[in-house]
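This report concerns only the one structure given below.
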Amino acid sequence: MSVQERKQRERAERERLIVATARELAEQQGWDAVTTRRLAERIEYSQPVLYSHFRGKREIIGAVALEGAAEMTAALRAAASAADGPRTRVAALARAYLDFAERNPAVYDAMFQLDGGLPFAEEDTPEPLKEAFAALLDGLGEVAGDGVHPALLTETFWAALHGLVTLTRARRLPPEGTGHRVELLVDRLAVV
């Protein structure tokens, strides 16, 4: 291995450590607890080392969001592939999305609530975000029906799920009703 390859590998490992530590700290104490000073202390590198990887907290949030999007994509695709038929597929996608958000609240916030500097629904949207949307789109395509664009249905489905996540987490909706809300959503979407 060349010196250059070793340095690149070490740099990638430091970047993964920074992201993993930020994610862990955010999940334990919230995003307000994630500062470059605290991250530097936890990973035992200086703040300038952190800044050589990320210009600040916003970019770290973006990196966590991209990692989370890849994980969500895998969960959505696994759920969809295990389902047989349109109705069970829509239900499986909804449950996988809601389960991901519940298990990873800080990552979910990085993806959809906080400013990570990532463009959505644009030409330069990062690939992991496009893939997460595609995982929903692929699972909903056959239930769109005549005259309904599958991407529009997917956006509406995503918005409904996001609303359930945020309203339940904010205690605006009682969590015990989530299953019934998902059933209602699935019943209205999967009329195939």
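Just remember, in the structure tokens the first chain shown is A, the second B, etc., residues are 1-based per chain, and ligands are 1-based in the order shown.
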
Near-Leu98 (chain A) list (10 Å; only C-alpha atoms; drop same-chain fewer than 3 positions) as an NGL selection string: :A and (92-95 or 101-104 or 161-162 or 164-165 or 178 or 182)

Residues flagged helix (DSSP H, G or I) by DSSP in chain A, as a VMD selection string: chain A and resid 3 to 29 31 to 33 36 to 43 47 to 53 57 to 82 86 to 103 105 to 112 127 to 143 150 to 169 175 to 189

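Between Ile61 (chain A) and the residues A:Glu15, A:Asp115, A:Asp146, A:Glu122, the shortest atom-to-atom distance, using only C-alpha atoms, involves A:Asp115.
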
Got a sec: who's within 12 Å of Phe133 (chain A), counting only C-alpha atoms, leaving out chain neighbours fewer than 4 positions off, as a compact mmCIF listing (two decimals) with N, CA, C and O atoms, in the first residue's frame?
```
# COMPACT_ATOMS: atom_id res chain seq x y z
N ALA A 69 -29.95 8.03 5.28
CA ALA A 69 -30.73 7.77 4.07
C ALA A 69 -30.38 6.40 3.48
O ALA A 69 -31.27 5.66 3.03
N ALA A 70 -29.10 6.06 3.50
CA ALA A 70 -28.69 4.75 2.99
C ALA A 70 -29.27 3.63 3.85
O ALA A 70 -29.73 2.61 3.33
N MET A 72 -32.02 3.85 5.72
CA MET A 72 -33.46 3.83 5.50
C MET A 72 -33.78 3.13 4.18
O MET A 72 -34.73 2.34 4.12
N THR A 73 -33.01 3.40 3.16
CA THR A 73 -33.22 2.76 1.86
C THR A 73 -33.16 1.25 2.01
O THR A 73 -34.02 0.53 1.49
N ALA A 74 -32.15 0.77 2.71
CA ALA A 74 -32.00 -0.68 2.90
C ALA A 74 -33.21 -1.25 3.64
O ALA A 74 -33.73 -2.31 3.27
N LEU A 76 -36.29 0.02 3.77
CA LEU A 76 -37.47 0.10 2.91
C LEU A 76 -37.44 -0.99 1.84
O LEU A 76 -38.45 -1.65 1.59
N ARG A 77 -36.30 -1.18 1.23
CA ARG A 77 -36.19 -2.20 0.17
C ARG A 77 -36.40 -3.61 0.74
O ARG A 77 -37.05 -4.45 0.13
N LEU A 93 -43.89 -0.86 3.76
CA LEU A 93 -43.13 0.38 3.59
C LEU A 93 -43.44 1.37 4.71
O LEU A 93 -42.54 2.00 5.26
N TYR A 97 -40.68 2.63 7.46
CA TYR A 97 -40.38 4.05 7.59
C TYR A 97 -40.57 4.51 9.03
O TYR A 97 -39.69 5.14 9.62
N PHE A 120 -32.92 18.85 -1.70
CA PHE A 120 -33.92 17.82 -1.96
C PHE A 120 -34.63 18.16 -3.27
O PHE A 120 -34.84 19.33 -3.57
N ALA A 121 -35.02 17.14 -4.00
CA ALA A 121 -35.82 17.29 -5.21
C ALA A 121 -35.20 18.25 -6.22
O ALA A 121 -35.88 19.02 -6.86
N THR A 125 -29.33 16.75 -5.91
CA THR A 125 -29.66 16.00 -4.70
C THR A 125 -28.70 14.82 -4.59
O THR A 125 -28.52 14.08 -5.56
N PRO A 126 -28.09 14.62 -3.43
CA PRO A 126 -27.16 13.50 -3.28
C PRO A 126 -27.85 12.15 -3.51
O PRO A 126 -29.02 11.96 -3.19
N GLU A 127 -27.09 11.24 -4.05
CA GLU A 127 -27.61 9.92 -4.44
C GLU A 127 -28.31 9.18 -3.30
O GLU A 127 -29.38 8.59 -3.52
N PRO A 128 -27.79 9.17 -2.06
CA PRO A 128 -28.50 8.44 -1.00
C PRO A 128 -29.92 8.97 -0.76
O PRO A 128 -30.83 8.19 -0.46
N LEU A 129 -30.13 10.27 -0.91
CA LEU A 129 -31.49 10.82 -0.75
C LEU A 129 -32.38 10.40 -1.91
O LEU A 129 -33.55 10.07 -1.71
N LEU A 137 -40.89 4.98 -4.02
CA LEU A 137 -41.50 5.05 -5.35
C LEU A 137 -41.65 3.66 -5.97
O LEU A 137 -42.71 3.31 -6.49
N ASP A 138 -40.59 2.85 -5.88
CA ASP A 138 -40.64 1.51 -6.46
C ASP A 138 -41.72 0.65 -5.79
O ASP A 138 -42.36 -0.16 -6.45
N GLY A 139 -41.92 0.86 -4.51
CA GLY A 139 -42.92 0.07 -3.80
C GLY A 139 -44.34 0.55 -3.99
O GLY A 139 -45.30 -0.18 -3.73
N LEU A 140 -44.50 1.80 -4.45
CA LEU A 140 -45.85 2.36 -4.60
C LEU A 140 -46.33 2.45 -6.04
O LEU A 140 -47.50 2.74 -6.28
N PRO A 150 -46.98 8.33 -10.26
CA PRO A 150 -46.42 7.61 -9.12
C PRO A 150 -45.56 8.47 -8.19
O PRO A 150 -45.59 8.29 -6.98
N ALA A 151 -44.80 9.41 -8.75
CA ALA A 151 -43.96 10.28 -7.91
C ALA A 151 -44.82 11.18 -7.02
O ALA A 151 -44.47 11.42 -5.86
N LEU A 152 -45.95 11.65 -7.55
CA LEU A 152 -46.84 12.49 -6.76
C LEU A 152 -47.46 11.68 -5.62
O LEU A 152 -47.55 12.15 -4.48
N LEU A 153 -47.87 10.46 -5.91
CA LEU A 153 -48.40 9.58 -4.87
C LEU A 153 -47.33 9.32 -3.81
O LEU A 153 -47.60 9.37 -2.61
N THR A 154 -46.11 9.08 -4.25
CA THR A 154 -45.00 8.81 -3.33
C THR A 154 -44.72 10.02 -2.44
O THR A 154 -44.52 9.87 -1.23
N GLU A 155 -44.73 11.21 -3.02
CA GLU A 155 -44.53 12.42 -2.22
C GLU A 155 -45.63 12.57 -1.16
O GLU A 155 -45.36 12.92 -0.01
N THR A 156 -46.85 12.27 -1.54
CA THR A 156 -47.98 12.38 -0.61
C THR A 156 -47.88 11.34 0.50
O THR A 156 -48.12 11.63 1.67
N PHE A 157 -47.51 10.12 0.13
CA PHE A 157 -47.31 9.04 1.10
C PHE A 157 -46.20 9.42 2.08
O PHE A 157 -46.35 9.29 3.30
N TRP A 158 -45.08 9.90 1.54
CA TRP A 158 -43.95 10.33 2.37
C TRP A 158 -44.39 11.45 3.32
O TRP A 158 -44.08 11.42 4.51
N ALA A 159 -45.12 12.42 2.80
CA ALA A 159 -45.59 13.53 3.62
C ALA A 159 -46.49 13.03 4.75
O ALA A 159 -46.40 13.50 5.89
```

Which of A:Glu142, A:Asp99, A:Asp32, A:Glu131 sits closest to Leu114 (chain A) [using only C-alpha atoms]: A:Asp32

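Note that CA of Ile18 (chain A) and CA of Phe54 (chain A) are 9.2 Å apart.
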
Distance query Val64 (chain A) at most 9 Å, only C-alpha atoms, self and fewer than 5 positions along chain excluded, as a ChimeraX atom specification: /A:19-20,22-23,59,69,107,110-111,116

Could those selected residues go to a file with all heavy atoms, as a short mmCIF file (atom, residue, chain, number, x, y, z; two decimals), in the first residue's frame?
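Result file is result_2.cif:
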```cif
data_model
loop_
_atom_site.label_atom_id
_atom_site.label_comp_id
_atom_site.auth_asym_id
_atom_site.auth_seq_id
_atom_site.Cartn_x
_atom_site.Cartn_y
_atom_site.Cartn_z
N VAL A 19 -18.43 11.09 12.17
CA VAL A 19 -19.87 10.93 11.89
C VAL A 19 -20.50 9.99 12.92
O VAL A 19 -21.57 10.29 13.46
CB VAL A 19 -20.09 10.44 10.45
CG1 VAL A 19 -21.54 10.06 10.21
CG2 VAL A 19 -19.65 11.50 9.45
N ALA A 20 -19.85 8.88 13.20
CA ALA A 20 -20.40 7.93 14.17
C ALA A 20 -20.50 8.56 15.57
O ALA A 20 -21.49 8.35 16.28
CB ALA A 20 -19.54 6.67 14.22
N ALA A 22 -20.72 11.82 16.26
CA ALA A 22 -21.78 12.85 16.22
C ALA A 22 -23.15 12.19 16.32
O ALA A 22 -24.03 12.65 17.07
CB ALA A 22 -21.68 13.67 14.94
N ARG A 23 -23.33 11.13 15.61
CA ARG A 23 -24.60 10.41 15.62
C ARG A 23 -24.89 9.85 17.01
O ARG A 23 -26.01 9.99 17.53
CB ARG A 23 -24.52 9.29 14.58
CG ARG A 23 -25.76 8.50 14.43
CD ARG A 23 -25.61 7.49 13.33
NE ARG A 23 -26.77 6.65 13.27
CZ ARG A 23 -27.08 5.88 12.24
NH1 ARG A 23 -26.30 5.86 11.19
NH2 ARG A 23 -28.16 5.13 12.25
N GLU A 59 -22.32 20.52 8.08
CA GLU A 59 -21.82 19.46 7.21
C GLU A 59 -21.83 18.11 7.92
O GLU A 59 -22.03 17.07 7.28
CB GLU A 59 -20.42 19.78 6.69
CG GLU A 59 -20.43 20.81 5.58
CD GLU A 59 -19.07 20.99 4.93
OE1 GLU A 59 -18.12 20.24 5.25
OE2 GLU A 59 -18.97 21.87 4.06
N ALA A 69 -29.95 8.03 5.28
CA ALA A 69 -30.73 7.77 4.07
C ALA A 69 -30.38 6.40 3.48
O ALA A 69 -31.27 5.66 3.03
CB ALA A 69 -30.51 8.88 3.05
N VAL A 107 -31.04 10.75 13.87
CA VAL A 107 -30.72 10.57 12.45
C VAL A 107 -31.89 11.06 11.61
O VAL A 107 -31.70 11.75 10.60
CB VAL A 107 -30.38 9.10 12.14
CG1 VAL A 107 -30.20 8.89 10.64
CG2 VAL A 107 -29.13 8.68 12.90
N ALA A 110 -31.76 14.69 11.45
CA ALA A 110 -30.71 15.13 10.53
C ALA A 110 -31.19 15.03 9.08
O ALA A 110 -30.88 15.90 8.26
CB ALA A 110 -29.44 14.29 10.72
N MET A 111 -31.95 14.00 8.79
CA MET A 111 -32.42 13.79 7.43
C MET A 111 -33.51 14.78 7.02
O MET A 111 -33.49 15.29 5.89
CB MET A 111 -32.97 12.36 7.28
CG MET A 111 -31.92 11.29 7.40
SD MET A 111 -32.62 9.62 7.55
CE MET A 111 -33.43 9.41 5.97
N GLY A 116 -28.84 20.33 7.00
CA GLY A 116 -27.57 19.67 6.74
C GLY A 116 -26.96 20.13 5.44
O GLY A 116 -25.98 19.55 4.96
#
```

Point-to-point distance from CA of Glu24 (chain A) to CA of Ala12 (chain A), Å rounded to tenths: 18.2 Å

Distance criterion (only C-alpha atoms): nearest to Phe100 (chain A) out of A:Val3, A:Ala75, A:Leu118, A:Val143: A:Ala75
